[in-house]
$ cat run25.pdb   # PDB, N, CA and C atoms
ATOM      1  N   MET D  93      92.015 131.318  99.738
ATOM      2  CA  MET D  93      92.021 130.117 100.541
ATOM      3  C   MET D  93      92.193 128.872  99.675
ATOM      4  N   ALA D  94      91.404 128.788  98.609
ATOM      5  CA  ALA D  94      91.461 127.594  97.764
ATOM      6  C   ALA D  94      92.792 127.495  97.023
ATOM      7  N   LEU D  95      93.345 128.635  96.611
ATOM      8  CA  LEU D  95      94.630 128.583  95.909
ATOM      9  C   LEU D  95      95.754 128.151  96.839
ATOM     10  N   GLY D  96      95.658 128.501  98.101
ATOM     11  CA  GLY D  96      96.650 128.052  99.068
ATOM     12  C   GLY D  96      96.613 126.549  99.254
ATOM     13  N   ILE D  97      95.404 125.990  99.310
ATOM     14  CA  ILE D  97      95.263 124.544  99.447
ATOM     15  C   ILE D  97      95.797 123.843  98.203
ATOM     16  N   LEU D  98      95.519 124.400  97.026
ATOM     17  CA  LEU D  98      96.050 123.817  95.793
ATOM     18  C   LEU D  98      97.572 123.880  95.752
ATOM     19  N   MET D  99      98.142 124.956  96.264
ATOM     20  CA  MET D  99      99.601 125.074  96.296
ATOM     21  C   MET D  99     100.207 124.029  97.231
ATOM     22  N   ILE D 100      99.587 123.839  98.383
ATOM     23  CA  ILE D 100     100.066 122.816  99.317
ATOM     24  C   ILE D 100      99.951 121.434  98.684
ATOM     25  N   MET D 101      98.837 121.182  97.990
ATOM     26  CA  MET D 101      98.643 119.892  97.322
ATOM     27  C   MET D 101      99.692 119.686  96.233
ATOM     28  N   PHE D 102      99.972 120.722  95.459
ATOM     29  CA  PHE D 102     100.971 120.633  94.401
ATOM     30  C   PHE D 102     102.347 120.312  94.975
ATOM     31  N   VAL D 103     102.730 121.028  96.022
ATOM     32  CA  VAL D 103     104.051 120.806  96.623
ATOM     33  C   VAL D 103     104.134 119.402  97.218
ATOM     34  N   ALA D 104     103.087 118.973  97.921
ATOM     35  CA  ALA D 104     103.103 117.641  98.535
ATOM     36  C   ALA D 104     103.182 116.543  97.473
ATOM     37  N   MET D 105     102.374 116.662  96.428
ATOM     38  CA  MET D 105     102.392 115.638  95.376
ATOM     39  C   MET D 105     103.722 115.638  94.633
ATOM     40  N   SER D 106     104.290 116.801  94.417
ATOM     41  CA  SER D 106     105.581 116.876  93.738
ATOM     42  C   SER D 106     106.687 116.266  94.578
ATOM     43  N   VAL D 107     106.691 116.550  95.865
ATOM     44  CA  VAL D 107     107.722 115.998  96.748
ATOM     45  C   VAL D 107     107.602 114.484  96.835
ATOM     46  N   ILE D 108     106.372 113.990  96.974
ATOM     47  CA  ILE D 108     106.173 112.538  97.021
ATOM     48  C   ILE D 108     106.683 111.890  95.736
ATOM     49  N   SER D 109     106.395 112.503  94.606
ATOM     50  CA  SER D 109     106.821 111.932  93.321
ATOM     51  C   SER D 109     108.330 111.966  93.154
ATOM     52  N   VAL D 110     108.946 113.092  93.471
ATOM     53  CA  VAL D 110     110.400 113.210  93.293
ATOM     54  C   VAL D 110     111.142 112.289  94.241
ATOM     55  N   VAL D 111     110.724 112.251  95.502
ATOM     56  CA  VAL D 111     111.389 111.369  96.467
ATOM     57  C   VAL D 111     111.173 109.904  96.090
ATOM     58  N   GLY D 112     109.969 109.547  95.698
ATOM     59  CA  GLY D 112     109.691 108.163  95.308
ATOM     60  C   GLY D 112     110.484 107.727  94.096
ATOM     61  N   LEU D 113     110.518 108.579  93.074
ATOM     62  CA  LEU D 113     111.280 108.222  91.870
ATOM     63  C   LEU D 113     112.777 108.162  92.157
ATOM     64  N   SER D 114     113.269 109.051  92.999
ATOM     65  CA  SER D 114     114.689 109.004  93.360
ATOM     66  C   SER D 114     115.013 107.715  94.100
ATOM     67  N   LEU D 115     114.168 107.353  95.043
ATOM     68  CA  LEU D 115     114.403 106.113  95.784
ATOM     69  C   LEU D 115     114.308 104.886  94.890
ATOM     70  N   LEU D 116     113.427 104.929  93.900
ATOM     71  CA  LEU D 116     113.268 103.789  92.999
ATOM     72  C   LEU D 116     114.578 103.467  92.286
ATOM     73  N   TYR D 117     115.326 104.476  91.936
ATOM     74  CA  TYR D 117     116.562 104.240  91.192
ATOM     75  C   TYR D 117     117.812 104.218  92.068
ATOM     76  N   LEU D 118     117.719 104.665  93.322
ATOM     77  CA  LEU D 118     118.914 104.722  94.162
ATOM     78  C   LEU D 118     119.012 103.602  95.188
ATOM     79  N   VAL D 119     117.896 102.980  95.531
ATOM     80  CA  VAL D 119     117.908 101.919  96.537
ATOM     81  C   VAL D 119     118.533 100.659  95.950
ATOM     82  N   LYS D 120     119.356 100.012  96.742
ATOM     83  CA  LYS D 120     120.072  98.822  96.268
ATOM     84  C   LYS D 120     119.338  97.513  96.564
ATOM     85  N   GLY D 121     118.632  97.446  97.664
ATOM     86  CA  GLY D 121     117.969  96.195  98.055
ATOM     87  C   GLY D 121     116.791  95.868  97.145
ATOM     88  N   GLU D 122     116.718  94.608  96.725
ATOM     89  CA  GLU D 122     115.663  94.197  95.793
ATOM     90  C   GLU D 122     114.283  94.231  96.445
ATOM     91  N   GLY D 123     114.181  93.828  97.692
ATOM     92  CA  GLY D 123     112.890  93.839  98.379
ATOM     93  C   GLY D 123     112.369  95.253  98.580
ATOM     94  N   THR D 124     113.243  96.149  98.964
ATOM     95  CA  THR D 124     112.856  97.549  99.154
ATOM     96  C   THR D 124     112.494  98.186  97.826
ATOM     97  N   ARG D 125     113.242  97.879  96.797
ATOM     98  CA  ARG D 125     112.950  98.418  95.474
ATOM     99  C   ARG D 125     111.597  97.931  94.966
ATOM    100  N   ARG D 126     111.259  96.683  95.258
ATOM    101  CA  ARG D 126     109.967  96.132  94.847
ATOM    102  C   ARG D 126     108.820  96.871  95.535
ATOM    103  N   VAL D 127     108.971  97.123  96.836
ATOM    104  CA  VAL D 127     107.935  97.848  97.583
ATOM    105  C   VAL D 127     107.779  99.258  97.041
ATOM    106  N   ILE D 128     108.886  99.940  96.803
ATOM    107  CA  ILE D 128     108.832 101.300  96.265
ATOM    108  C   ILE D 128     108.204 101.297  94.875
ATOM    109  N   PHE D 129     108.523 100.295  94.081
ATOM    110  CA  PHE D 129     107.940 100.197  92.743
ATOM    111  C   PHE D 129     106.422 100.100  92.815
ATOM    112  N   TYR D 130     105.911  99.201  93.664
ATOM    113  CA  TYR D 130     104.462  99.026  93.763
ATOM    114  C   TYR D 130     103.783 100.269  94.336
ATOM    115  N   VAL D 131     104.404 100.901  95.307
ATOM    116  CA  VAL D 131     103.835 102.132  95.880
ATOM    117  C   VAL D 131     103.782 103.223  94.816
ATOM    118  N   LEU D 132     104.828 103.360  94.031
ATOM    119  CA  LEU D 132     104.830 104.367  92.970
ATOM    120  C   LEU D 132     103.840 104.027  91.864
ATOM    121  N   ALA D 133     103.662 102.765  91.574
ATOM    122  CA  ALA D 133     102.671 102.386  90.563
ATOM    123  C   ALA D 133     101.264 102.774  91.021
ATOM    124  N   VAL D 134     100.958 102.512  92.268
ATOM    125  CA  VAL D 134      99.663 102.918  92.813
ATOM    126  C   VAL D 134      99.557 104.438  92.847
ATOM    127  N   TRP D 135     100.651 105.104  93.191
ATOM    128  CA  TRP D 135     100.668 106.573  93.197
ATOM    129  C   TRP D 135     100.394 107.122  91.793
ATOM    130  N   GLY D 136     100.962 106.505  90.777
ATOM    131  CA  GLY D 136     100.697 106.935  89.400
ATOM    132  C   GLY D 136      99.233 106.788  89.029
ATOM    133  N   MET D 137      98.605 105.718  89.515
ATOM    134  CA  MET D 137      97.172 105.530  89.256
ATOM    135  C   MET D 137      96.339 106.571  90.006
ATOM    136  N   ILE D 138      96.725 106.884  91.232
ATOM    137  CA  ILE D 138      96.002 107.905  92.006
ATOM    138  C   ILE D 138      96.121 109.261  91.341
ATOM    139  N   VAL D 139      97.309 109.603  90.872
ATOM    140  CA  VAL D 139      97.504 110.880  90.179
ATOM    141  C   VAL D 139      96.659 110.927  88.917
ATOM    142  N   ALA D 140      96.560 109.822  88.205
ATOM    143  CA  ALA D 140      95.740 109.781  86.992
ATOM    144  C   ALA D 140      94.265 109.976  87.316
ATOM    145  N   VAL D 141      93.799 109.371  88.386
ATOM    146  CA  VAL D 141      92.393 109.538  88.782
ATOM    147  C   VAL D 141      92.119 110.984  89.161
ATOM    148  N   ILE D 142      93.011 111.583  89.935
ATOM    149  CA  ILE D 142      92.833 112.985  90.321
ATOM    150  C   ILE D 142      92.849 113.878  89.086
ATOM    151  N   SER D 143      93.765 113.609  88.178
ATOM    152  CA  SER D 143      93.875 114.424  86.971
ATOM    153  C   SER D 143      92.650 114.283  86.077
ATOM    154  N   ALA D 144      92.176 113.072  85.900
ATOM    155  CA  ALA D 144      91.042 112.848  85.002
ATOM    156  C   ALA D 144      89.742 113.380  85.592
ATOM    157  N   THR D 145      89.559 113.209  86.886
ATOM    158  CA  THR D 145      88.305 113.653  87.483
ATOM    159  C   THR D 145      88.274 115.145  87.757
ATOM    160  N   SER D 146      89.405 115.809  87.683
ATOM    161  CA  SER D 146      89.408 117.248  87.904
ATOM    162  C   SER D 146      89.049 118.034  86.638
ATOM    163  N   LEU D 147      88.974 117.354  85.516
ATOM    164  CA  LEU D 147      88.647 118.017  84.255
ATOM    165  C   LEU D 147      87.143 117.980  83.994
ATOM    166  N   PRO D 148      86.635 118.969  83.264
ATOM    167  CA  PRO D 148      85.215 118.924  82.891
ATOM    168  C   PRO D 148      84.919 117.731  81.983
ATOM    169  N   SER D 149      83.661 117.337  81.946
ATOM    170  CA  SER D 149      83.301 116.123  81.213
ATOM    171  C   SER D 149      83.422 116.269  79.701
ATOM    172  N   ASN D 150      83.454 117.489  79.182
ATOM    173  CA  ASN D 150      83.566 117.649  77.733
ATOM    174  C   ASN D 150      85.022 117.750  77.260
ATOM    175  N   TYR D 151      85.994 117.644  78.137
ATOM    176  CA  TYR D 151      87.415 117.629  77.766
ATOM    177  C   TYR D 151      87.853 116.174  77.587
ATOM    178  N   MET D 152      87.319 115.538  76.573
ATOM    179  CA  MET D 152      87.527 114.097  76.413
ATOM    180  C   MET D 152      88.976 113.740  76.071
ATOM    181  N   ALA D 153      89.637 114.512  75.234
ATOM    182  CA  ALA D 153      91.017 114.188  74.848
ATOM    183  C   ALA D 153      91.957 114.285  76.050
ATOM    184  N   GLU D 154      91.795 115.324  76.862
ATOM    185  CA  GLU D 154      92.643 115.489  78.032
ATOM    186  C   GLU D 154      92.375 114.406  79.073
ATOM    187  N   ARG D 155      91.099 114.035  79.222
ATOM    188  CA  ARG D 155      90.764 112.973  80.160
ATOM    189  C   ARG D 155      91.329 111.632  79.685
ATOM    190  N   LEU D 156      91.272 111.388  78.392
ATOM    191  CA  LEU D 156      91.832 110.159  77.836
ATOM    192  C   LEU D 156      93.344 110.106  78.048
ATOM    193  N   LEU D 157      94.013 111.238  77.879
ATOM    194  CA  LEU D 157      95.453 111.298  78.133
ATOM    195  C   LEU D 157      95.762 110.999  79.602
ATOM    196  N   ALA D 158      94.969 111.554  80.497
ATOM    197  CA  ALA D 158      95.184 111.295  81.927
ATOM    198  C   ALA D 158      94.995 109.817  82.255
ATOM    199  N   TRP D 159      93.942 109.209  81.719
ATOM    200  CA  TRP D 159      93.720 107.782  81.968
ATOM    201  C   TRP D 159      94.826 106.937  81.343
ATOM    202  N   THR D 160      95.308 107.347  80.174
ATOM    203  CA  THR D 160      96.398 106.612  79.522
ATOM    204  C   THR D 160      97.654 106.628  80.386
ATOM    205  N   LEU D 161      97.946 107.776  80.985
ATOM    206  CA  LEU D 161      99.107 107.848  81.875
ATOM    207  C   LEU D 161      98.921 106.943  83.092
ATOM    208  N   GLY D 162      97.708 106.809  83.562
ATOM    209  CA  GLY D 162      97.448 105.894  84.675
ATOM    210  C   GLY D 162      97.605 104.440  84.274
ATOM    211  N   PHE D 163      97.189 104.118  83.056
ATOM    212  CA  PHE D 163      97.316 102.738  82.589
ATOM    213  C   PHE D 163      98.767 102.351  82.318
ATOM    214  N   LEU D 164      99.651 103.322  82.184
ATOM    215  CA  LEU D 164     101.074 102.992  82.072
ATOM    216  C   LEU D 164     101.576 102.335  83.357
ATOM    217  N   SER D 165     101.028 102.753  84.494
ATOM    218  CA  SER D 165     101.395 102.090  85.754
ATOM    219  C   SER D 165     100.917 100.648  85.778
ATOM    220  N   VAL D 166      99.725 100.422  85.270
ATOM    221  CA  VAL D 166      99.207  99.044  85.196
ATOM    222  C   VAL D 166     100.091  98.209  84.277
ATOM    223  N   ALA D 167     100.473  98.778  83.142
ATOM    224  CA  ALA D 167     101.366  98.067  82.220
ATOM    225  C   ALA D 167     102.717  97.800  82.874
ATOM    226  N   GLY D 168     103.205  98.760  83.653
ATOM    227  CA  GLY D 168     104.465  98.569  84.370
ATOM    228  C   GLY D 168     104.391  97.431  85.363
ATOM    229  N   ILE D 169     103.277  97.330  86.076
ATOM    230  CA  ILE D 169     103.108  96.230  87.024
ATOM    231  C   ILE D 169     103.076  94.896  86.289
ATOM    232  N   LEU D 170     102.355  94.843  85.161
ATOM    233  CA  LEU D 170     102.296  93.593  84.395
ATOM    234  C   LEU D 170     103.665  93.183  83.873
ATOM    235  N   VAL D 171     104.431  94.137  83.382
ATOM    236  CA  VAL D 171     105.779  93.831  82.890
ATOM    237  C   VAL D 171     106.668  93.388  84.042
ATOM    238  N   TYR D 172     106.529  94.023  85.196
ATOM    239  CA  TYR D 172     107.350  93.683  86.357
ATOM    240  C   TYR D 172     107.049  92.272  86.857
ATOM    241  N   VAL D 173     105.763  91.926  86.885
ATOM    242  CA  VAL D 173     105.374  90.606  87.388
ATOM    243  C   VAL D 173     105.739  89.511  86.392
ATOM    244  N   ARG D 174     105.518  89.764  85.106
ATOM    245  CA  ARG D 174     105.779  88.749  84.079
ATOM    246  C   ARG D 174     107.258  88.582  83.771
ATOM    247  N   GLY D 175     108.023  89.679  83.864
ATOM    248  CA  GLY D 175     109.424  89.631  83.476
ATOM    249  C   GLY D 175     110.306  89.054  84.556
ATOM    250  N   THR D 176     111.275  88.279  84.141
ATOM    251  CA  THR D 176     112.223  87.714  85.088
ATOM    252  C   THR D 176     113.616  88.312  84.913
ATOM    253  N   GLU D 177     113.862  88.915  83.785
ATOM    254  CA  GLU D 177     115.175  89.479  83.508
ATOM    255  C   GLU D 177     115.264  90.903  84.044
ATOM    256  N   GLU D 178     116.470  91.375  84.197
ATOM    257  CA  GLU D 178     116.698  92.738  84.688
ATOM    258  C   GLU D 178     116.218  93.780  83.686
ATOM    259  N   SER D 179     116.312  93.479  82.405
ATOM    260  CA  SER D 179     115.881  94.444  81.388
ATOM    261  C   SER D 179     114.374  94.673  81.447
ATOM    262  N   SER D 180     113.598  93.638  81.720
ATOM    263  CA  SER D 180     112.149  93.827  81.834
ATOM    264  C   SER D 180     111.793  94.606  83.094
ATOM    265  N   ARG D 181     112.565  94.433  84.151
ATOM    266  CA  ARG D 181     112.340  95.215  85.373
ATOM    267  C   ARG D 181     112.645  96.690  85.137
ATOM    268  N   ARG D 182     113.667  96.968  84.360
ATOM    269  CA  ARG D 182     113.988  98.371  84.042
ATOM    270  C   ARG D 182     112.913  98.997  83.172
ATOM    271  N   ILE D 183     112.391  98.243  82.228
ATOM    272  CA  ILE D 183     111.304  98.752  81.389
ATOM    273  C   ILE D 183     110.080  99.042  82.252
ATOM    274  N   ALA D 184     109.792  98.175  83.212
ATOM    275  CA  ALA D 184     108.663  98.393  84.118
ATOM    276  C   ALA D 184     108.887  99.652  84.952
ATOM    277  N   CYS D 185     110.103  99.848  85.430
ATOM    278  CA  CYS D 185     110.412 101.059  86.200
ATOM    279  C   CYS D 185     110.278 102.305  85.339
ATOM    280  N   LEU D 186     110.678 102.213  84.080
ATOM    281  CA  LEU D 186     110.533 103.358  83.180
ATOM    282  C   LEU D 186     109.063 103.666  82.897
ATOM    283  N   LEU D 187     108.243 102.640  82.753
ATOM    284  CA  LEU D 187     106.814 102.863  82.543
ATOM    285  C   LEU D 187     106.183 103.564  83.744
ATOM    286  N   VAL D 188     106.545 103.138  84.940
ATOM    287  CA  VAL D 188     106.009 103.779  86.140
ATOM    288  C   VAL D 188     106.547 105.195  86.274
ATOM    289  N   THR D 189     107.800 105.407  85.904
ATOM    290  CA  THR D 189     108.368 106.753  85.952
ATOM    291  C   THR D 189     107.633 107.692  85.008
ATOM    292  N   VAL D 190     107.362 107.236  83.795
ATOM    293  CA  VAL D 190     106.622 108.059  82.837
ATOM    294  C   VAL D 190     105.212 108.314  83.341
ATOM    295  N   SER D 191     104.614 107.325  83.969
ATOM    296  CA  SER D 191     103.260 107.482  84.499
ATOM    297  C   SER D 191     103.215 108.533  85.601
ATOM    298  N   VAL D 192     104.123 108.456  86.546
ATOM    299  CA  VAL D 192     104.122 109.400  87.671
ATOM    300  C   VAL D 192     104.514 110.794  87.208
ATOM    301  N   ALA D 193     105.626 110.900  86.492
ATOM    302  CA  ALA D 193     106.086 112.225  86.054
ATOM    303  C   ALA D 193     105.103 112.853  85.070
ATOM    304  N   GLY D 194     104.625 112.067  84.119
ATOM    305  CA  GLY D 194     103.650 112.583  83.163
ATOM    306  C   GLY D 194     102.342 112.968  83.826
ATOM    307  N   GLY D 195     101.917 112.186  84.816
ATOM    308  CA  GLY D 195     100.691 112.512  85.532
ATOM    309  C   GLY D 195     100.797 113.820  86.298
ATOM    310  N   ILE D 196     101.925 114.026  86.953
ATOM    311  CA  ILE D 196     102.118 115.284  87.691
ATOM    312  C   ILE D 196     102.181 116.458  86.731
ATOM    313  N   LEU D 197     102.918 116.305  85.631
ATOM    314  CA  LEU D 197     102.997 117.374  84.643
ATOM    315  C   LEU D 197     101.626 117.657  84.020
ATOM    316  N   LYS D 198     100.887 116.603  83.711
ATOM    317  CA  LYS D 198      99.559 116.765  83.128
ATOM    318  C   LYS D 198      98.608 117.450  84.109
ATOM    319  N   LEU D 199      98.700 117.077  85.357
ATOM    320  CA  LEU D 199      97.781 117.603  86.362
ATOM    321  C   LEU D 199      97.997 119.080  86.617
ATOM    322  N   PHE D 200      99.228 119.514  86.669
ATOM    323  CA  PHE D 200      99.503 120.881  87.113
ATOM    324  C   PHE D 200      99.999 121.825  86.021
ATOM    325  N   LEU D 201     100.465 121.307  84.901
ATOM    326  CA  LEU D 201     101.025 122.208  83.895
ATOM    327  C   LEU D 201     100.226 122.258  82.597
ATOM    328  N   PHE D 202      99.654 121.145  82.176
ATOM    329  CA  PHE D 202      98.977 121.131  80.877
ATOM    330  C   PHE D 202      97.493 121.144  81.017
TER
END

$ encode --input "run25.pdb" --output "structure tokens"
Amino acid sequence: MALGILMIMFVAMSVISVVGLSLLYLVKGEGTRRVIFYVLAVWGMIVAVISATSLPSNYMAERLLAWTLGFLSVAGILVYVRGTEESSRRIACLLVTVSVAGGILKLFLF
């Protein structure tokens, strides 16, 4: 029973991440892209919280890695808000992409 629920959770989180990241890079409208960016940044933080809290308390290195991946989303938001050029927006999108993809990989594979 529990493994089935974990499988459903894995598939749902993976689909949300893949669809969100695809939309982040394929959507043309700036307003829609901004909304998707913020939603994915929050999603990266949620994945980091789930990943960090699912580990035992004595796995400090793995928990630190999970929190670090979550803080990449925070850094992405700061770069996105502070930056006015297109290059800073791309760097912010890359930070959020690494946060979401790394968080999912950390949560389910490592």

$ atom_distance --input "run25.pdb" --atom1 "atom CA of D:Val119" --atom2 "atom CA of D:Leu132"
13.8 Å

$ closest_residue --input "run25.pdb" --among "D:Ala184, D:Ala144, D:Ala153, D:Val107" --to "D:Leu170" --atoms "all atoms listed in the file"
D:Ala184

$ residues_around --input "run25.pdb" --residues "D:Phe200" --least-positions-apart "3" --cutoff "10 Å" --atoms "only C-alpha atoms" --output "list of chain:residue names"
D:Leu98, D:Phe102, D:Ser106, D:Ser143, D:Gly195, D:Ile196, D:Leu197

$ closest_residue --input "run25.pdb" --among "D:Leu201, D:Ile169, D:Ile142, D:Leu156" --to "D:Arg182" --atoms "only C-alpha atoms"
D:Ile169

$ closest_residue --input "run25.pdb" --among "D:Gly175, D:Gly136, D:Gly162, D:Gly168" --to "D:Leu187" --atoms "all atoms listed in the file"
D:Gly168

$ residues_around --input "run25.pdb" --residues "D:Ile128" --least-positions-apart "6" --cutoff "8 Å" --atoms "only C-alpha atoms" --output "VMD selection string"
chain D and resid 112 115 to 116

$ resolve_selection --input "run25.pdb" --expression "the PyMOL selection byres (((chain D and resi 158 and name CA) around 12) and name CA)" --output "count of residues only"
38

$ atom_distance --input "run25.pdb" --atom1 "atom C of D:Lys120" --atom2 "atom CA of D:Ile108"
20.0 Å

$ build_atoms --input "run25.pdb" --residues "stretch 143-155 of chain D" --atoms "N, CA, C and O atoms" --output "mmCIF file, in the frame of the given file"
data_model
loop_
_atom_site.group_PDB
_atom_site.id
_atom_site.type_symbol
_atom_site.label_atom_id
_atom_site.label_comp_id
_atom_site.auth_asym_id
_atom_site.auth_seq_id
_atom_site.Cartn_x
_atom_site.Cartn_y
_atom_site.Cartn_z
ATOM 1 N N SER D 143 93.765 113.609 88.178
ATOM 2 C CA SER D 143 93.875 114.424 86.971
ATOM 3 C C SER D 143 92.650 114.283 86.077
ATOM 4 O O SER D 143 92.137 115.276 85.555
ATOM 5 N N ALA D 144 92.176 113.072 85.900
ATOM 6 C CA ALA D 144 91.042 112.848 85.002
ATOM 7 C C ALA D 144 89.742 113.380 85.592
ATOM 8 O O ALA D 144 88.913 113.943 84.872
ATOM 9 N N THR D 145 89.559 113.209 86.886
ATOM 10 C CA THR D 145 88.305 113.653 87.483
ATOM 11 C C THR D 145 88.274 115.145 87.757
ATOM 12 O O THR D 145 87.197 115.687 88.030
ATOM 13 N N SER D 146 89.405 115.809 87.683
ATOM 14 C CA SER D 146 89.408 117.248 87.904
ATOM 15 C C SER D 146 89.049 118.034 86.638
ATOM 16 O O SER D 146 88.833 119.240 86.709
ATOM 17 N N LEU D 147 88.974 117.354 85.516
ATOM 18 C CA LEU D 147 88.647 118.017 84.255
ATOM 19 C C LEU D 147 87.143 117.980 83.994
ATOM 20 O O LEU D 147 86.451 117.063 84.433
ATOM 21 N N PRO D 148 86.635 118.969 83.264
ATOM 22 C CA PRO D 148 85.215 118.924 82.891
ATOM 23 C C PRO D 148 84.919 117.731 81.983
ATOM 24 O O PRO D 148 85.806 117.211 81.310
ATOM 25 N N SER D 149 83.661 117.337 81.946
ATOM 26 C CA SER D 149 83.301 116.123 81.213
ATOM 27 C C SER D 149 83.422 116.269 79.701
ATOM 28 O O SER D 149 83.499 115.273 78.994
ATOM 29 N N ASN D 150 83.454 117.489 79.182
ATOM 30 C CA ASN D 150 83.566 117.649 77.733
ATOM 31 C C ASN D 150 85.022 117.750 77.260
ATOM 32 O O ASN D 150 85.267 117.897 76.083
ATOM 33 N N TYR D 151 85.994 117.644 78.137
ATOM 34 C CA TYR D 151 87.415 117.629 77.766
ATOM 35 C C TYR D 151 87.853 116.174 77.587
ATOM 36 O O TYR D 151 88.675 115.649 78.332
ATOM 37 N N MET D 152 87.319 115.538 76.573
ATOM 38 C CA MET D 152 87.527 114.097 76.413
ATOM 39 C C MET D 152 88.976 113.740 76.071
ATOM 40 O O MET D 152 89.499 112.746 76.573
ATOM 41 N N ALA D 153 89.637 114.512 75.234
ATOM 42 C CA ALA D 153 91.017 114.188 74.848
ATOM 43 C C ALA D 153 91.957 114.285 76.050
ATOM 44 O O ALA D 153 92.817 113.410 76.253
ATOM 45 N N GLU D 154 91.795 115.324 76.862
ATOM 46 C CA GLU D 154 92.643 115.489 78.032
ATOM 47 C C GLU D 154 92.375 114.406 79.073
ATOM 48 O O GLU D 154 93.294 113.921 79.725
ATOM 49 N N ARG D 155 91.099 114.035 79.222
ATOM 50 C CA ARG D 155 90.764 112.973 80.160
ATOM 51 C C ARG D 155 91.329 111.632 79.685
ATOM 52 O O ARG D 155 91.820 110.838 80.489
#
